[in-house]
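Engineer: Provided below: structure-v4.txt, containing compact mmCIF, C-alpha atoms.
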# COMPACT_ATOMS: atom_id res chain seq x y z
CA ARG A 758 148.94 -104.82 123.16
CA VAL A 759 150.25 -107.12 125.85
CA TRP A 760 149.94 -106.11 129.44
CA CYS A 761 153.68 -105.76 130.15
CA ASP A 762 153.86 -102.97 127.54
CA ARG A 763 151.58 -100.90 129.73
CA VAL A 764 153.48 -101.24 132.97
CA GLY A 765 157.03 -101.29 131.67
CA GLY A 766 157.95 -104.93 132.09
CA ALA A 767 156.77 -108.32 133.21
CA GLY A 768 158.47 -108.20 136.61
CA GLY A 769 158.23 -111.95 137.02
CA ASP A 770 154.45 -111.89 137.38
CA PRO A 771 152.76 -114.49 135.14
CA MET A 772 149.72 -112.24 134.92
CA SER A 773 151.86 -109.51 133.38
CA ASN A 774 151.89 -111.25 129.98
CA MET A 775 148.10 -111.18 129.75
CA SER A 776 146.35 -108.75 127.45
CA GLU A 777 143.69 -106.44 128.84
CA ASP A 778 140.95 -108.59 127.32
CA GLU A 779 142.46 -111.70 128.90
CA VAL A 780 142.50 -110.02 132.29
CA PHE A 781 138.86 -109.02 131.96
CA ALA A 782 138.03 -112.57 130.88
CA ALA A 783 139.79 -113.85 134.00
CA LEU A 784 137.63 -111.49 136.03
CA ALA A 785 134.39 -112.60 134.41
CA ASP A 786 135.06 -116.33 133.97
CA ARG A 787 137.31 -117.28 136.89
CA LEU A 788 136.40 -114.44 139.26
CA ASP A 789 140.14 -113.77 139.48
CA VAL A 790 140.33 -110.30 141.04
CA ALA A 791 144.07 -110.63 141.69
CA ALA A 792 144.67 -110.73 137.93
CA ALA A 793 143.21 -107.23 137.67
CA GLN A 794 145.54 -105.59 140.21
CA PRO A 795 148.21 -104.64 137.61
CA LEU A 796 145.42 -103.36 135.38
CA ALA A 797 144.35 -101.01 138.17
CA VAL A 798 147.82 -99.45 138.10
CA ALA A 799 147.51 -98.76 134.37
CA ALA A 800 144.07 -97.26 135.00
CA LEU A 801 145.71 -94.51 137.08
CA SER A 802 146.62 -92.77 133.82
CA SER A 803 143.76 -94.04 131.63
CA PRO A 804 140.19 -92.91 132.44
CA PRO A 805 138.65 -95.25 129.81
CA LEU A 806 140.44 -98.20 131.36
CA ALA A 807 139.41 -97.09 134.86
CA LYS A 808 135.78 -96.99 133.73
CA ARG A 809 135.96 -100.44 132.16
CA LEU A 810 137.68 -101.93 135.20
CA LEU A 811 135.27 -100.34 137.67
CA ALA A 812 132.31 -101.65 135.66
CA ALA A 813 133.72 -105.19 135.74
CA LEU A 814 134.43 -105.00 139.47
CA LEU A 815 130.94 -103.68 140.22
CA ASP A 816 129.50 -106.57 138.23
CA LEU A 817 131.48 -108.97 140.41
CA ALA A 818 130.56 -107.20 143.64
CA THR A 819 126.84 -107.05 142.88
CA GLY A 820 126.33 -110.27 140.90
CA PRO A 821 123.88 -112.62 142.63
CA ASP A 822 125.90 -115.76 141.82
CA LYS A 823 129.51 -114.56 142.16
CA GLY A 824 130.21 -115.71 145.70
CA GLN A 825 131.13 -113.73 148.80
CA GLN A 826 134.92 -114.08 148.47
CA ALA A 827 135.07 -112.78 144.89
CA ALA A 828 132.55 -110.03 145.65
CA THR A 829 134.53 -108.81 148.67
CA ALA A 830 137.81 -108.80 146.72
CA ALA A 831 136.14 -106.93 143.85
CA LEU A 832 134.74 -104.29 146.19
CA ALA A 833 138.16 -103.79 147.79
CA LEU A 834 139.83 -103.21 144.41
CA ALA A 835 136.96 -100.98 143.28
CA PHE A 836 137.57 -98.84 146.36
CA GLN A 837 141.25 -98.54 145.47
CA VAL A 838 140.38 -97.43 141.94
CA ALA A 839 137.65 -95.01 143.06
CA LEU A 840 139.69 -93.17 145.70
CA SER A 841 140.79 -90.83 142.91
CA GLN A 842 138.39 -90.60 139.99
CA ASP A 843 141.10 -89.12 137.78
CA GLY A 844 143.95 -91.33 138.91
CA THR A 845 147.24 -89.49 139.33
CA ALA A 846 146.25 -86.52 137.14
CA VAL A 847 147.50 -83.09 138.22
CA ALA A 848 145.50 -80.03 137.12
CA ARG A 849 147.02 -76.55 136.90
CA TYR A 850 144.91 -73.40 136.94
CA ALA A 851 147.06 -70.56 135.64
CA ALA A 852 147.18 -67.16 137.30
CA ALA A 853 145.25 -64.47 135.46
CA ALA A 854 148.25 -62.14 135.21
CA ASP A 855 151.87 -63.28 135.34
CA ASP A 856 151.73 -67.06 135.60
CA GLN A 857 155.52 -67.35 135.29
CA ALA A 858 156.03 -66.09 138.85
CA PRO A 859 152.75 -65.79 140.76
CA PRO A 860 153.14 -64.61 144.36
CA VAL A 861 151.27 -67.62 145.75
CA GLY A 862 150.62 -71.15 144.61
CA VAL A 863 147.74 -73.11 146.13
CA LEU A 864 147.89 -76.89 146.22
CA LEU A 865 144.53 -78.67 146.56
CA LEU A 866 144.81 -82.26 147.83
CA GLY A 867 141.53 -84.04 147.19
CA PHE A 868 139.35 -86.10 149.52
CA GLY A 869 138.76 -89.80 148.96
CA GLY A 870 136.60 -90.24 145.87
CA ALA A 871 137.36 -86.77 144.52
CA SER A 872 137.62 -85.93 140.84
CA GLN A 873 139.06 -82.86 139.15
CA GLN A 874 135.48 -81.80 138.52
CA ALA A 875 134.74 -82.01 142.26
CA LEU A 876 137.82 -79.93 143.09
CA ARG A 877 137.10 -77.27 140.46
CA PRO A 878 134.83 -75.15 142.74
CA HIS A 879 137.68 -74.93 145.26
CA ALA A 880 140.08 -73.83 142.52
CA GLU A 881 137.59 -71.29 141.19
CA PHE A 882 137.12 -69.89 144.71
CA TYR A 883 140.82 -69.05 144.91
CA GLN A 884 140.92 -67.74 141.36
CA ARG A 885 137.94 -65.49 141.99
CA LEU A 886 139.34 -63.94 145.17
CA TRP A 887 143.03 -63.97 144.26
CA PRO A 888 143.32 -64.06 140.45
CA ALA A 889 147.07 -63.50 140.60
CA TRP A 890 147.54 -66.88 142.33
CA ARG A 891 148.12 -70.21 140.60
CA VAL A 892 146.12 -73.26 141.74
CA VAL A 893 147.20 -76.90 141.40
CA ALA A 894 144.90 -79.81 142.20
CA THR A 895 145.37 -83.56 142.53
CA THR A 896 144.05 -86.53 144.53
CA ARG A 897 145.77 -89.50 146.09
CA ALA A 898 144.78 -92.81 144.52
CA GLY A 899 144.56 -96.02 146.51
CA VAL A 900 145.82 -98.60 144.03
CA VAL A 901 148.62 -100.81 145.31
CA GLY A 902 150.97 -103.11 143.44
CA GLU A 903 154.47 -103.49 142.11
CA HIS A 904 154.29 -100.62 139.64
CA ALA A 905 152.06 -98.26 141.64
CA ALA A 906 155.00 -96.65 143.47
CA ALA A 907 156.44 -95.36 140.19
CA ALA A 908 153.09 -93.83 139.24
CA TYR A 909 152.86 -92.04 142.59
CA ALA A 910 156.45 -90.80 142.36
CA GLU A 911 155.61 -89.30 138.98
CA GLN A 912 152.51 -87.68 140.47
CA ARG A 913 154.61 -86.03 143.19
CA ARG A 914 157.08 -84.76 140.59
CA ASN A 915 154.22 -83.38 138.49
CA VAL A 916 152.80 -81.58 141.54
CA CYS A 917 156.11 -79.89 142.28
CA ASP A 918 156.66 -79.04 138.60
CA ALA A 919 153.21 -77.42 138.51
CA LEU A 920 154.15 -75.27 141.53
CA HIS A 921 157.45 -74.17 140.00
CA GLY A 922 157.86 -70.38 139.93
CA CYS A 923 155.35 -69.67 142.69
CA GLY A 924 156.56 -67.46 145.53
CA ARG A 925 154.87 -68.85 148.63
CA LEU A 926 152.82 -72.04 148.86
CA LEU A 927 149.49 -72.66 150.55
CA VAL A 928 148.37 -76.29 150.91
CA HIS A 929 144.62 -76.96 151.16
CA ILE A 930 144.16 -80.49 152.55
CA LEU A 931 140.78 -82.17 152.19
CA SER A 932 139.97 -84.98 154.61
CA ASN A 933 142.02 -88.11 155.31
CA ASN A 934 142.93 -88.75 151.70
CA GLY A 935 144.35 -85.27 151.26
CA HIS A 936 146.31 -85.64 154.48
CA TYR A 937 147.83 -88.94 153.32
CA LEU A 938 149.05 -87.33 150.10
CA TRP A 939 150.50 -84.40 152.04
CA VAL A 940 152.44 -86.86 154.20
CA ASP A 941 153.63 -88.67 151.07
CA LEU A 942 154.90 -85.37 149.68
CA LEU A 943 156.71 -84.47 152.90
CA ARG A 944 158.40 -87.86 153.02
CA SER A 945 159.71 -87.61 149.46
CA ALA A 946 162.90 -85.83 148.45
CA VAL A 947 161.10 -83.93 145.68
CA GLY A 948 158.41 -82.76 148.10
CA GLN A 949 160.89 -81.65 150.73
CA ALA A 950 162.78 -79.60 148.14
CA CYS A 951 159.53 -78.10 146.85
CA PHE A 952 158.09 -76.96 150.19
CA ALA A 953 161.15 -76.43 152.41
CA ASP A 954 161.52 -72.67 151.98
CA ARG A 955 158.16 -71.68 150.49
CA LEU A 956 155.43 -73.20 152.67
CA ALA A 957 153.30 -70.33 154.00
CA GLY A 958 150.30 -72.17 155.46
CA LEU A 959 148.12 -75.26 155.73
CA ILE A 960 144.33 -75.46 155.56
CA PHE A 961 142.73 -78.59 157.02
CA ASP A 962 139.32 -78.89 155.40
CA CYS A 963 137.38 -81.71 157.12
CA ALA A 964 140.46 -82.63 159.13
CA ALA A 965 141.87 -86.14 159.16
CA VAL A 966 140.78 -88.70 161.72
CA GLU A 967 142.56 -91.80 163.03
CA MET A 968 141.15 -94.70 161.02
CA SER A 969 141.30 -96.90 164.12
CA ALA A 970 138.84 -94.51 165.74
CA LEU A 971 136.19 -95.20 163.12
CA ALA A 972 133.49 -97.75 163.84
CA ALA A 973 133.30 -100.65 161.39
CA SER A 974 129.96 -99.36 160.13
CA SER A 975 131.50 -95.94 159.41
CA MET A 976 134.35 -97.48 157.43
CA GLU A 977 131.88 -99.58 155.47
CA ALA A 978 129.95 -96.42 154.62
CA VAL A 979 133.17 -94.73 153.44
CA VAL A 980 133.98 -97.64 151.13
CA LEU A 981 130.49 -97.88 149.66
CA GLN A 982 130.07 -94.14 149.11
CA THR A 983 133.50 -93.89 147.47
CA VAL A 984 132.71 -96.75 145.09
CA ARG A 985 129.31 -95.25 144.30
CA ALA A 986 130.98 -91.90 143.60
CA GLY A 987 133.26 -93.69 141.15
CA ALA A 988 130.30 -95.31 139.43
CA LEU A 989 128.54 -91.95 139.13
CA HIS A 990 131.68 -90.21 137.85
CA HIS A 991 132.17 -92.78 135.10
CA GLY A 992 128.51 -92.87 134.12
CA LEU A 993 127.87 -96.39 135.43
CA THR A 994 124.40 -95.42 136.51
CA ALA A 995 122.65 -98.73 135.75
CA THR A 996 124.19 -100.29 138.86
CA LEU A 997 123.22 -97.27 140.95
CA ARG A 998 119.60 -97.51 139.77
CA ASP A 999 119.35 -101.28 140.31
CA GLU A 1000 117.92 -101.70 143.81
CA ALA A 1001 118.78 -105.40 143.95
CA ALA A 1002 122.39 -104.68 142.95
CA GLN A 1003 122.63 -101.94 145.56
CA ALA A 1004 121.30 -104.28 148.23
CA ARG A 1005 123.94 -106.88 147.31
CA LEU A 1006 126.63 -104.18 147.34
CA GLN A 1007 125.51 -103.12 150.80
CA ALA A 1008 125.66 -106.72 151.99
CA VAL A 1009 129.21 -107.16 150.65
CA GLY A 1010 130.37 -103.89 152.23
Please, can you express the file's structure as structure tokens?
Structural biologist:
Amino acid sequence: RVWCDRVGGAGGDPMSNMSEDEVFAALADRLDVAAAQPLAVAALSSPPLAKRLLAALLDLATGPDKGQQAATAALALAFQVALSQDGTAVARYAAAADDQAPPVGVLLLGFGGASQQALRPHAEFYQRLWPAWRVVATTRAGVVGEHAAAAYAEQRRNVCDALHGCGRLLVHILSNNGHYLWVDLLRSAVGQACFADRLAGLIFDCAAVEMSALAASSMEAVVLQTVRAGALHHGLTATLRDEAAQARLQAVG
């Protein structure tokens, strides 16, 4: 399958006619991280592709002979991919009783590096205490590119569709990444229509901080821990166990 089939058109980008295997070859042979950017967009809806891409990027970022420029670019794209371990997926936890019209819908907006598995304890907390409520969970991804906007617009629509029928809405925002997605929702027409008359409350869990206020070392730690969380989520444990690879990753970060 050619690459343009995955993203809905070539869009004038010469890389868009490359197959997935050709893109990965460009990564491995020419250290061409830019060629993989469209692939990262497709990975938002394909966990197997996200795993394969993250593995290739980690190989670039930790390889002893890859060069600083390629390693830095690979780490940056790996961070984009790992900000949401399940891409733009939206999970819906049905109310125990009448899920057609539950009195409250809870929206969980995940922290950077979150997966649906990581958000499940939060969802189960609400379900245990208020079984008549519906819970919806999703995480903002960090991938950029020509076709990423369409993927994020679909994610926002899916969030609002999953909250359809709920009486009042409670939004549980986790960290900076959750706050960014909440802002994205508020700025969109679909989000404004969804929350305008039903928003009952906001919970700021590990409240957002101005990124400019973070020291460079703190931002480096955020990037590295997010990428490591992605590696762990996708079972890429060899890199995590390789002390030499981890030292090179730390040096790149």
Engineer: For CA of Leu981 (chain A) and CA of Pro805 (chain A), determine how far apart the two atoms are, in Å to one decimal place.
Structural biologist: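 Result for CA of Leu981 (chain A) versus CA of Pro805 (chain A): 21.6 Å, one decimal.
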Engineer: So, with only C-alpha atoms as the atoms that count, which of A:Leu959, A:Val861, A:Ala791, A:Ala839 lies closest to Leu989 (chain A)?
Structural biologist: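 Closest to Leu989 (chain A), using only C-alpha atoms: A:Ala839.
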Engineer: So that I can see what lies close to region 896-903 of chain A, please list as a list in words the residues with an atom at most 6 Å from it, counting only C-alpha atoms and leaving out residues fewer than 2 positions away in the same chain.
Structural biologist: Gln837, Val838, Leu840, Ser841, Gly844, Leu866, Gly867, Ala905 and Leu938 of chain A
Engineer: Would you output that residue set with C-alpha atoms, as a tab-separated table (two decimals), in the coordinates of the input?
Structural biologist:
chain	number	residue	atom	x	y	z
A	837	GLN	CA	141.25	-98.54	145.47
A	838	VAL	CA	140.38	-97.43	141.94
A	840	LEU	CA	139.69	-93.17	145.70
A	841	SER	CA	140.79	-90.83	142.91
A	844	GLY	CA	143.95	-91.33	138.91
A	866	LEU	CA	144.81	-82.26	147.83
A	867	GLY	CA	141.53	-84.04	147.19
A	905	ALA	CA	152.06	-98.26	141.64
A	938	LEU	CA	149.05	-87.33	150.10
Engineer: Can you pull out every residue within 6 Å of region 889-894 of chain A, counting all atoms listed in the file, but drop anything in the same chain fewer than 2 positions away, and send it as an NGL selection string?
Structural biologist: :A and (847-854 or 859 or 861-865 or 887)
Engineer: Between A:Glu1000, A:Asp918, A:Asp789, A:Asp962, which has the minimum distance to Gln826 (chain A) (counting only C-alpha atoms)?
Structural biologist: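 Checking each of A:Glu1000, A:Asp918, A:Asp789, A:Asp962 against Gln826 (chain A), counting only C-alpha atoms, the winner is A:Asp789.
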Engineer: Just the number, please: distance in Å from CA of Ser945 (chain A) to CA of Thr983 (chain A), one decimal.
Structural biologist: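 Between CA of Ser945 (chain A) and CA of Thr983 (chain A) the gap works out to 27.0 Å.
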Engineer: Would you mind completing region 890-919 of chain A so that it carries N, CA and C atoms, and writing it out as a short mmCIF file (atom, residue, chain, number, x, y, z; two decimals), in the frame of the given file?
Structural biologist:
data_model
loop_
_atom_site.label_atom_id
_atom_site.label_comp_id
_atom_site.auth_asym_id
_atom_site.auth_seq_id
_atom_site.Cartn_x
_atom_site.Cartn_y
_atom_site.Cartn_z
N TRP A 890 146.98 -65.64 141.80
CA TRP A 890 147.54 -66.88 142.33
C TRP A 890 147.37 -68.02 141.32
N ARG A 891 148.26 -68.98 141.39
CA ARG A 891 148.12 -70.21 140.60
C ARG A 891 147.55 -71.30 141.51
N VAL A 892 146.70 -72.17 140.97
CA VAL A 892 146.12 -73.26 141.74
C VAL A 892 146.47 -74.58 141.07
N VAL A 893 146.87 -75.55 141.87
CA VAL A 893 147.20 -76.90 141.40
C VAL A 893 146.36 -77.88 142.19
N ALA A 894 145.79 -78.87 141.52
CA ALA A 894 144.90 -79.81 142.20
C ALA A 894 145.21 -81.25 141.80
N THR A 895 145.17 -82.13 142.79
CA THR A 895 145.37 -83.56 142.53
C THR A 895 144.79 -84.34 143.70
N THR A 896 144.63 -85.65 143.50
CA THR A 896 144.05 -86.53 144.53
C THR A 896 144.87 -87.80 144.64
N ARG A 897 145.03 -88.26 145.83
CA ARG A 897 145.77 -89.50 146.09
C ARG A 897 144.92 -90.70 145.71
N ALA A 898 145.46 -91.57 144.88
CA ALA A 898 144.78 -92.81 144.52
C ALA A 898 145.11 -93.89 145.55
N GLY A 899 144.36 -94.98 145.51
CA GLY A 899 144.56 -96.02 146.51
C GLY A 899 145.09 -97.32 145.96
N VAL A 900 145.39 -97.36 144.66
CA VAL A 900 145.82 -98.60 144.03
C VAL A 900 147.19 -99.01 144.55
N VAL A 901 147.34 -100.28 144.86
CA VAL A 901 148.62 -100.81 145.31
C VAL A 901 149.14 -101.79 144.27
N GLY A 902 150.39 -102.18 144.40
CA GLY A 902 150.97 -103.11 143.44
C GLY A 902 152.39 -102.74 143.10
N GLU A 903 153.05 -103.64 142.40
CA GLU A 903 154.47 -103.49 142.11
C GLU A 903 154.81 -102.19 141.41
N HIS A 904 153.97 -101.78 140.46
CA HIS A 904 154.29 -100.62 139.64
C HIS A 904 153.59 -99.34 140.12
N ALA A 905 152.78 -99.43 141.18
CA ALA A 905 152.06 -98.26 141.64
C ALA A 905 153.00 -97.19 142.19
N ALA A 906 154.08 -97.61 142.86
CA ALA A 906 155.00 -96.65 143.47
C ALA A 906 155.58 -95.70 142.43
N ALA A 907 155.89 -96.21 141.25
CA ALA A 907 156.44 -95.36 140.19
C ALA A 907 155.41 -94.34 139.73
N ALA A 908 154.15 -94.75 139.65
CA ALA A 908 153.09 -93.83 139.24
C ALA A 908 152.92 -92.71 140.26
N TYR A 909 153.02 -93.06 141.55
CA TYR A 909 152.86 -92.04 142.59
C TYR A 909 154.07 -91.12 142.67
N ALA A 910 155.26 -91.65 142.40
CA ALA A 910 156.45 -90.80 142.36
C ALA A 910 156.33 -89.79 141.23
N GLU A 911 155.81 -90.22 140.10
CA GLU A 911 155.61 -89.30 138.98
C GLU A 911 154.57 -88.24 139.33
N GLN A 912 153.52 -88.64 140.04
CA GLN A 912 152.51 -87.68 140.47
C GLN A 912 153.12 -86.60 141.37
N ARG A 913 153.97 -87.01 142.30
CA ARG A 913 154.61 -86.03 143.19
C ARG A 913 155.51 -85.08 142.40
N ARG A 914 156.24 -85.62 141.43
CA ARG A 914 157.08 -84.76 140.59
C ARG A 914 156.22 -83.78 139.80
N ASN A 915 155.10 -84.25 139.28
CA ASN A 915 154.22 -83.38 138.49
C ASN A 915 153.62 -82.27 139.36
N VAL A 916 153.31 -82.60 140.62
CA VAL A 916 152.80 -81.58 141.54
C VAL A 916 153.83 -80.48 141.73
N CYS A 917 155.06 -80.88 142.01
CA CYS A 917 156.11 -79.89 142.28
C CYS A 917 156.48 -79.11 141.02
N ASP A 918 156.43 -79.76 139.86
CA ASP A 918 156.66 -79.04 138.60
C ASP A 918 155.57 -78.00 138.38
N ALA A 919 154.32 -78.35 138.72
CA ALA A 919 153.21 -77.42 138.51
C ALA A 919 153.29 -76.22 139.45
#
